[in-house]
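The structure appears below as structure tokens.
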Amino acid sequence: MSLVAEAEGGTSDVAGSSVQTTAPSARRPTARRGPFRLRAPLPRGWDAAVAVGASLAILAVWEIVARLGLTTPLFFPAPSTILSTMARMISDQNLLWHAWVSTLRVWGAFLLAAVMAIPIGVAMSGYRVVGAALEPAVDFIRYLPVPALVPLAIIWFGVGEETKIFLLWLGTFFQLVLLVADDMRRVPNEYFEIAYTVGANERQALKDVAFRAMLPSLVDNLRISLGWCWTYLIIAEIVAADSGLGFVIWAARRYMKTPEVMAGVVLIGVIGLATDQLLRLLHRRAFRYLRGA
Amino acid sequence: MVHLQFDRVTKRFGDVPVVETPFDLSVRRHEFVVFLGPSGCGKTTLMRMVGGLDAPTTGEIRLEGEPVGPPDRRRGMVFQSYSSFPWLTVAENVAFGMKYRTDLTETEKAVRAEQYLDLVGLYEFSDHYPNQVSGGMRQRIAIARTLAAGADVLLMDEPFGALDALRREQLQTELRAIQRRDAKTVVFVTHDVEEALFVADRVVVFSKRPARIVTQIDVRSRLGDERTIEMRDGDDFFALRRETIGAVRAAAGDEL
């Protein structure tokens, strides 16, 4: 049977949904024009241009304020000073090695947290009995501030790598496990039922359907918890470390070397930004199907 | 020949009686039965019990004489929403119906997937993702998937509920044609009187919850097997529609 009309209808259906998204701005045709209209879309490419432009502007103002001597370098060094300090630290103080050590710790703890959180989180919402058993403990630990557990971590693990990994893991695992449980909970029942009615067993339905259905939001949540890891890294490295960016920052502070402190901070920011953007890009690539025609 | 038999079925969810009066119904092989009733009346629950997705509280449902067990691919479901997987292409969605079949080789699966894509007119959209096609096409994906799975009972829960009037009409016509061509038994749930009459061999009219049968309408003896869009404007269809609406109103009236 021929379905040409349906096919044409298909494209108009998609157009219909895009009309809906612009409807809020169309509601008041006489209102302001341009990008400052509420919910107005930005033309293609503007997003990146505005982001880069605004960031450069902030840096420029900062540089000018510092150069004019309105601040003392001790408190607020210019971006150019930070940059040259960073270059010097790379050649003299092994800054990149420290950054590498920190990155390894973050990823080590993050992967450990993820590998544990994914199956446990899935089990928590897949099997009500597991959820009921674990939720109180997870919720309790989740609200403990990581710094408060530093002494305990040192008692348990001494001042080696284990302590750092433990602290990072502590800060992410308990948050992540609940996010994973939520992702799993949001998988529509219909998906499981489709799987069962084509002959899948529970394990197959979990692996082939539920996991695939939750994957986009799971990856998003992993990306967010990777960010938390960096937050706790500094706490872990300040307390007990002789390497890593937290150690570098903390050591520089002791001698009031503000440019070095800021160079360390900036480097963390750069690594975070780069990782986040990379993961976002991979997300868009891997989950193209989420976007319509 | 009886394909599907409800034998004194009741259902409660906790304290809520969904089907209180024991429910009896036989569905013949290759019969297209529509459950028509108000939203939330329990007709969907009865249909889901056929699929093995819910179990009766008392009574039994038999498929070819055997009590129905957990879901399997002989009883295919088509839902109103989330009816296909967004991460699979149209063709992969259809092929998913055969993913767990061990009686077919990969080549046979591929050939069969193409056949059913073609049958529902989606062949040229094989490589699209469900988000890139219309709601009507997404429902076709689901129908093709259940057919590819080898279901001989199709269980459809308001499958066209989210579609506009024209597309509904078109899919109803196609579904009826496919059901006749492939000789499937269909249990179709809807609250739309016209839809019910247009696709059904027999319409079972439900009361509001707890569900019981108010009346049954033998549509086939009135409209025949073939259904065309023109029939919807005919006098027979109008008369039948008026009767059915009357029955539905009367049912609602006595509950009020």
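Just remember, in the structure tokens the first chain shown is A, the second B, etc., residues are 1-based per chain, and ligands are 1-based in the order shown.
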
Hey, could you make a per-residue contact list for chain B against chain A with 9 Å as the cut-off, showing the nearest pair of atoms and its distance in Å to one decimal, counting only C-alpha atoms, sorted by chain and number, as a Markdown table?
```
| residue | atom | partner | partner_atom | distance |
| --- | --- | --- | --- | --- |
| B:Gly51 | CA | A:Thr197 | CA | 7.4 |
| B:Gly52 | CA | A:Thr197 | CA | 8.6 |
| B:Leu53 | CA | A:Glu193 | CA | 7.3 |
| B:Pro70 | CA | A:Tyr196 | CA | 8.4 |
| B:Pro71 | CA | A:Thr197 | CA | 5.1 |
| B:Asp72 | CA | A:Thr197 | CA | 4.8 |
| B:Arg73 | CA | A:Val198 | CA | 4.3 |
| B:Arg74 | CA | A:Thr197 | CA | 7.7 |
| B:Arg75 | CA | A:Thr197 | CA | 6.4 |
| B:Gly76 | CA | A:Thr197 | CA | 5.6 |
| B:Met77 | CA | A:Ile194 | CA | 6.6 |
| B:Val78 | CA | A:Ile194 | CA | 8.1 |
| B:Phe79 | CA | A:Glu190 | CA | 7.3 |
| B:Ser81 | CA | A:Glu190 | CA | 8.1 |
| B:Tyr82 | CA | A:Glu190 | CA | 6.2 |
| B:Ser83 | CA | A:Glu190 | CA | 7.1 |
| B:Ser84 | CA | A:Tyr191 | CA | 7.8 |
| B:Phe85 | CA | A:Tyr191 | CA | 7.4 |
| B:Pro86 | CA | A:Tyr289 | CA | 6.6 |
| B:Trp87 | CA | A:Tyr289 | CA | 5.9 |
| B:Leu88 | CA | A:Tyr289 | CA | 8.1 |
| B:Thr89 | CA | A:Tyr289 | CA | 8.5 |
| B:Phe96 | CA | A:Val198 | CA | 7.8 |
| B:Gly97 | CA | A:Val198 | CA | 5.4 |
| B:Met98 | CA | A:Val198 | CA | 7.0 |
| B:Lys99 | CA | A:Val198 | CA | 7.8 |
| B:Tyr100 | CA | A:Gly199 | CA | 5.9 |
| B:Arg101 | CA | A:Gly199 | CA | 7.5 |
| B:Asp118 | CA | A:Met1 | CA | 8.5 |
| B:Leu119 | CA | A:Met1 | CA | 7.0 |
| B:Val120 | CA | A:Met1 | CA | 7.4 |
| B:Gly121 | CA | A:Leu3 | CA | 5.8 |
| B:Leu122 | CA | A:Leu3 | CA | 8.3 |
| B:His128 | CA | A:Ala293 | CA | 8.7 |
| B:Tyr129 | CA | A:Tyr289 | CA | 6.0 |
| B:Pro130 | CA | A:Tyr289 | CA | 8.0 |
| B:Asn131 | CA | A:Gly292 | CA | 4.9 |
| B:Gln132 | CA | A:Ala293 | CA | 4.4 |
| B:Val133 | CA | A:Gly10 | CA | 5.6 |
| B:Ser134 | CA | A:Gly10 | CA | 4.2 |
| B:Gly135 | CA | A:Gly10 | CA | 7.6 |
| B:Gly136 | CA | A:Glu6 | CA | 7.5 |
| B:Met137 | CA | A:Gly10 | CA | 7.7 |
| B:Arg145 | CA | A:Val198 | CA | 8.5 |
| B:Thr146 | CA | A:Val198 | CA | 7.3 |
| B:Ala149 | CA | A:Val198 | CA | 5.9 |
| B:Gly150 | CA | A:Val198 | CA | 8.6 |
| B:Ala151 | CA | A:Val198 | CA | 8.4 |
| B:Arg167 | CA | A:Glu6 | CA | 7.1 |
| B:Gln170 | CA | A:Glu6 | CA | 8.4 |
| B:Glu174 | CA | A:Met1 | CA | 8.0 |
```

*Show which residues sit within 12 Å of Leu134 of chain A, as an NGL selection string. Count only C-alpha atoms, and ignore same-chain residues fewer than 5 positions away.*
:A and (120-121 or 123-125 or 127-129 or 139-142 or 174 or 177-178 or 181)

*Per-residue DSSP, segment 67-242 of chain A, filtered to helix (DSSP H, G or I), as a VMD selection string*: chain A and resid 67 79 to 92 95 to 126 128 to 142 146 to 157 161 to 185 189 to 197 202 to 239

*Can you pull out every residue within 10 Å of Gly227 of chain A, counting only C-alpha atoms, but drop anything in the same chain fewer than 3 positions away, and send it as a ChimeraX atom specification?*
/A:106,110,172,221-224,230-232,272-273,275-276

Writing out the chosen residues with N, CA, C and O atoms as an mmCIF file, in the first residue's frame:
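Written file, result_27.cif:
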```cif
data_model
loop_
_atom_site.group_PDB
_atom_site.id
_atom_site.type_symbol
_atom_site.label_atom_id
_atom_site.label_comp_id
_atom_site.auth_asym_id
_atom_site.auth_seq_id
_atom_site.Cartn_x
_atom_site.Cartn_y
_atom_site.Cartn_z
ATOM 1 N N VAL A 106 41.661 12.106 39.673
ATOM 2 C CA VAL A 106 40.254 12.400 39.390
ATOM 3 C C VAL A 106 39.623 11.264 38.593
ATOM 4 O O VAL A 106 38.564 10.747 38.949
ATOM 5 N N PHE A 110 36.816 8.738 39.773
ATOM 6 C CA PHE A 110 35.582 8.874 39.009
ATOM 7 C C PHE A 110 35.166 7.533 38.393
ATOM 8 O O PHE A 110 34.006 7.120 38.494
ATOM 9 N N THR A 172 31.579 11.614 45.167
ATOM 10 C CA THR A 172 30.827 11.420 43.932
ATOM 11 C C THR A 172 29.917 10.194 43.951
ATOM 12 O O THR A 172 28.798 10.265 43.468
ATOM 13 N N ASN A 221 25.013 12.705 33.453
ATOM 14 C CA ASN A 221 25.257 12.681 34.888
ATOM 15 C C ASN A 221 26.705 12.329 35.213
ATOM 16 O O ASN A 221 27.270 12.846 36.177
ATOM 17 N N LEU A 222 27.296 11.469 34.409
ATOM 18 C CA LEU A 222 28.709 11.140 34.608
ATOM 19 C C LEU A 222 29.568 12.380 34.393
ATOM 20 O O LEU A 222 30.489 12.657 35.157
ATOM 21 N N ARG A 223 29.209 13.131 33.376
ATOM 22 C CA ARG A 223 29.958 14.353 33.073
ATOM 23 C C ARG A 223 29.879 15.320 34.262
ATOM 24 O O ARG A 223 30.885 15.900 34.677
ATOM 25 N N ILE A 224 28.701 15.459 34.815
ATOM 26 C CA ILE A 224 28.526 16.376 35.943
ATOM 27 C C ILE A 224 29.301 15.889 37.167
ATOM 28 O O ILE A 224 29.948 16.667 37.852
ATOM 29 N N TRP A 230 36.718 17.121 40.657
ATOM 30 C CA TRP A 230 37.742 18.164 40.692
ATOM 31 C C TRP A 230 37.600 19.017 41.941
ATOM 32 O O TRP A 230 38.578 19.472 42.514
ATOM 33 N N THR A 231 36.369 19.257 42.361
ATOM 34 C CA THR A 231 36.149 20.046 43.585
ATOM 35 C C THR A 231 36.798 19.357 44.776
ATOM 36 O O THR A 231 37.498 19.991 45.572
ATOM 37 N N TYR A 232 36.552 18.056 44.892
ATOM 38 C CA TYR A 232 37.043 17.348 46.074
ATOM 39 C C TYR A 232 38.529 17.069 45.963
ATOM 40 O O TYR A 232 39.203 16.877 46.963
ATOM 41 N N GLY A 272 39.074 21.421 33.317
ATOM 42 C CA GLY A 272 37.643 21.153 33.497
ATOM 43 C C GLY A 272 36.838 21.554 32.271
ATOM 44 O O GLY A 272 36.036 20.778 31.749
ATOM 45 N N LEU A 273 37.091 22.763 31.799
ATOM 46 C CA LEU A 273 36.353 23.283 30.647
ATOM 47 C C LEU A 273 36.577 22.396 29.420
ATOM 48 O O LEU A 273 35.630 22.026 28.715
ATOM 49 N N THR A 275 37.586 19.228 29.275
ATOM 50 C CA THR A 275 36.981 17.903 29.424
ATOM 51 C C THR A 275 35.481 17.977 29.199
ATOM 52 O O THR A 275 34.885 17.164 28.496
ATOM 53 N N ASP A 276 34.869 18.976 29.815
ATOM 54 C CA ASP A 276 33.426 19.125 29.723
ATOM 55 C C ASP A 276 32.978 19.326 28.273
ATOM 56 O O ASP A 276 32.041 18.680 27.806
#
```

Under the rule of at most 8 Å, produce a per-residue listing of segment 83-180 of chain A near segment 241-256 of chain A: chain, number, name, the closest pair of atoms, and the distance in Å, as CSV, using only C-alpha atoms.
```
residue,atom,partner,partner_atom,distance
A:Leu95,CA,A:Leu245,CA,7.7
A:Trp97,CA,A:Gly244,CA,7.8
A:His98,CA,A:Gly244,CA,4.2
A:Ala99,CA,A:Leu245,CA,5.6
A:Trp100,CA,A:Gly244,CA,7.6
A:Val101,CA,A:Gly244,CA,5.4
A:Ser102,CA,A:Gly244,CA,4.8
A:Val159,CA,A:Ala241,CA,7.3
A:Gly160,CA,A:Ala241,CA,7.7
```

Could you write out the selected residues, including N, CA and C atoms, as a short mmCIF file (atom, residue, chain, number, x, y, z; two decimals), in the first residue's frame?
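This went into part-v5.cif:
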```cif
data_model
loop_
_atom_site.label_atom_id
_atom_site.label_comp_id
_atom_site.auth_asym_id
_atom_site.auth_seq_id
_atom_site.Cartn_x
_atom_site.Cartn_y
_atom_site.Cartn_z
N LEU A 95 54.84 21.70 36.43
CA LEU A 95 53.40 21.93 36.61
C LEU A 95 52.55 20.91 35.85
N TRP A 97 53.27 17.89 35.08
CA TRP A 97 53.30 16.59 35.76
C TRP A 97 52.29 16.59 36.91
N HIS A 98 52.28 17.69 37.67
CA HIS A 98 51.31 17.81 38.76
C HIS A 98 49.87 17.73 38.23
N ALA A 99 49.66 18.41 37.11
CA ALA A 99 48.33 18.38 36.51
C ALA A 99 47.97 16.95 36.10
N TRP A 100 48.95 16.25 35.57
CA TRP A 100 48.74 14.86 35.14
C TRP A 100 48.41 13.98 36.34
N VAL A 101 49.14 14.16 37.43
CA VAL A 101 48.87 13.39 38.64
C VAL A 101 47.44 13.65 39.13
N SER A 102 47.07 14.92 39.15
CA SER A 102 45.70 15.26 39.59
C SER A 102 44.65 14.63 38.68
N VAL A 159 48.21 8.64 54.62
CA VAL A 159 48.25 9.83 53.77
C VAL A 159 48.64 9.47 52.33
N GLY A 160 48.42 8.24 51.95
CA GLY A 160 48.79 7.83 50.59
C GLY A 160 47.71 8.12 49.56
#
```

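If you look at atom CA of Asp127 of chain B and atom CA of Glu92 of chain B, they are 8.4 Å away from each other.
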
Quick one: residues within 10 Å of Gln172 of chain B, only C-alpha atoms counted, chain neighbours fewer than 5 positions away excluded, as a PDB file with N, CA and C atoms, in the first residue's frame?
```
ATOM      1  N   PRO B 159      -3.716   2.713  19.980  1.00  0.00           N
ATOM      2  CA  PRO B 159      -2.484   2.933  19.218  1.00  0.00           C
ATOM      3  C   PRO B 159      -2.512   4.208  18.386  1.00  0.00           C
ATOM      4  N   PHE B 160      -3.702   4.663  18.034  1.00  0.00           N
ATOM      5  CA  PHE B 160      -3.762   5.849  17.168  1.00  0.00           C
ATOM      6  C   PHE B 160      -4.254   7.073  17.932  1.00  0.00           C
ATOM      7  N   LEU B 166      -6.989  12.623  10.069  1.00  0.00           N
ATOM      8  CA  LEU B 166      -6.726  12.035   8.753  1.00  0.00           C
ATOM      9  C   LEU B 166      -5.803  10.838   8.846  1.00  0.00           C
ATOM     10  N   ARG B 167      -4.753  11.003   9.635  1.00  0.00           N
ATOM     11  CA  ARG B 167      -3.773   9.940   9.760  1.00  0.00           C
ATOM     12  C   ARG B 167      -4.369   8.733  10.479  1.00  0.00           C
ATOM     13  N   ALA B 177      -6.675  -3.884   6.856  1.00  0.00           N
ATOM     14  CA  ALA B 177      -6.222  -4.649   5.692  1.00  0.00           C
ATOM     15  C   ALA B 177      -5.129  -5.647   6.084  1.00  0.00           C
ATOM     16  N   ILE B 178      -4.205  -5.196   6.917  1.00  0.00           N
ATOM     17  CA  ILE B 178      -3.120  -6.086   7.349  1.00  0.00           C
ATOM     18  C   ILE B 178      -3.674  -7.244   8.169  1.00  0.00           C
ATOM     19  N   GLU B 195     -13.855   4.996  15.616  1.00  0.00           N
ATOM     20  CA  GLU B 195     -12.692   4.148  15.381  1.00  0.00           C
ATOM     21  C   GLU B 195     -13.052   2.691  15.633  1.00  0.00           C
ATOM     22  N   ALA B 196     -13.731   2.467  16.756  1.00  0.00           N
ATOM     23  CA  ALA B 196     -14.113   1.116  17.142  1.00  0.00           C
ATOM     24  C   ALA B 196     -14.915   0.460  16.028  1.00  0.00           C
ATOM     25  N   PHE B 198     -15.214   1.264  12.894  1.00  0.00           N
ATOM     26  CA  PHE B 198     -14.569   1.206  11.588  1.00  0.00           C
ATOM     27  C   PHE B 198     -13.619   0.020  11.459  1.00  0.00           C
ATOM     28  N   VAL B 199     -12.921  -0.323  12.549  1.00  0.00           N
ATOM     29  CA  VAL B 199     -11.931  -1.404  12.430  1.00  0.00           C
ATOM     30  C   VAL B 199     -12.442  -2.776  12.866  1.00  0.00           C
ATOM     31  N   ALA B 200     -13.524  -2.795  13.676  1.00  0.00           N
ATOM     32  CA  ALA B 200     -13.852  -4.030  14.395  1.00  0.00           C
ATOM     33  C   ALA B 200     -14.687  -5.027  13.608  1.00  0.00           C
ATOM     34  N   ARG B 227     -13.365  -2.714   4.707  1.00  0.00           N
ATOM     35  CA  ARG B 227     -13.702  -1.372   5.211  1.00  0.00           C
ATOM     36  C   ARG B 227     -12.975  -0.340   4.360  1.00  0.00           C
ATOM     37  N   THR B 228     -13.768   0.608   3.851  1.00  0.00           N
ATOM     38  CA  THR B 228     -13.164   1.667   3.055  1.00  0.00           C
ATOM     39  C   THR B 228     -13.543   3.001   3.681  1.00  0.00           C
ATOM     40  N   ILE B 229     -12.743   3.994   3.348  1.00  0.00           N
ATOM     41  CA  ILE B 229     -12.985   5.307   3.940  1.00  0.00           C
ATOM     42  C   ILE B 229     -14.377   5.831   3.560  1.00  0.00           C
TER      43      ILE B 229
END
```

_Using Å and a single decimal, report how far atom CA of Lys184 of chain B sits from atom CA of Leu154 of chain B._
7.0 Å

_So that I can see what lies close to Glu108 of chain B, please list as number ranges by chain the residues with an atom at most 12 Å from it, counting only C-alpha atoms and leaving out residues fewer than 5 positions away in the same chain._
B: 95, 98-99, 101-103, 113-115, 148

*asked:* Excluding Ala247 of chain B and its own-chain neighbours fewer than 5 positions away, which residues fall within 12 Å of it when counting only C-alpha atoms? Please give them as a VMD selection string.
replied: chain B and resid 36 to 37 193 203 to 207 213 to 217 240 to 242 252 to 254

*Have a look at A:Leu104, A:Val219, A:Ala60, A:Val270 and name the one nearest to Glu161 of chain A; count only C-alpha atoms.*
A:Leu104

*Point-to-point distance from atom CA of Leu111 of chain A to atom CA of Phe192 of chain A, Å rounded to tenths*: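 Result for atom CA of Leu111 of chain A versus atom CA of Phe192 of chain A: 28.1 Å, one decimal.
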
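Secondary structure by DSSP on the backbone puts the following residues of segment 90-166 of chain B in strand (DSSP E): Val153, Leu154, Leu155, Met156 and Asp157 of chain B.
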
*Would you mind listing what lies within 9 Å of Leu179 of chain A as JSON, numbers by chain, with only C-alpha atoms counted and same-chain residues fewer than 3 positions away left out?*
{"A": [117, 121, 174, 175, 176, 182, 183, 184, 218, 221]}
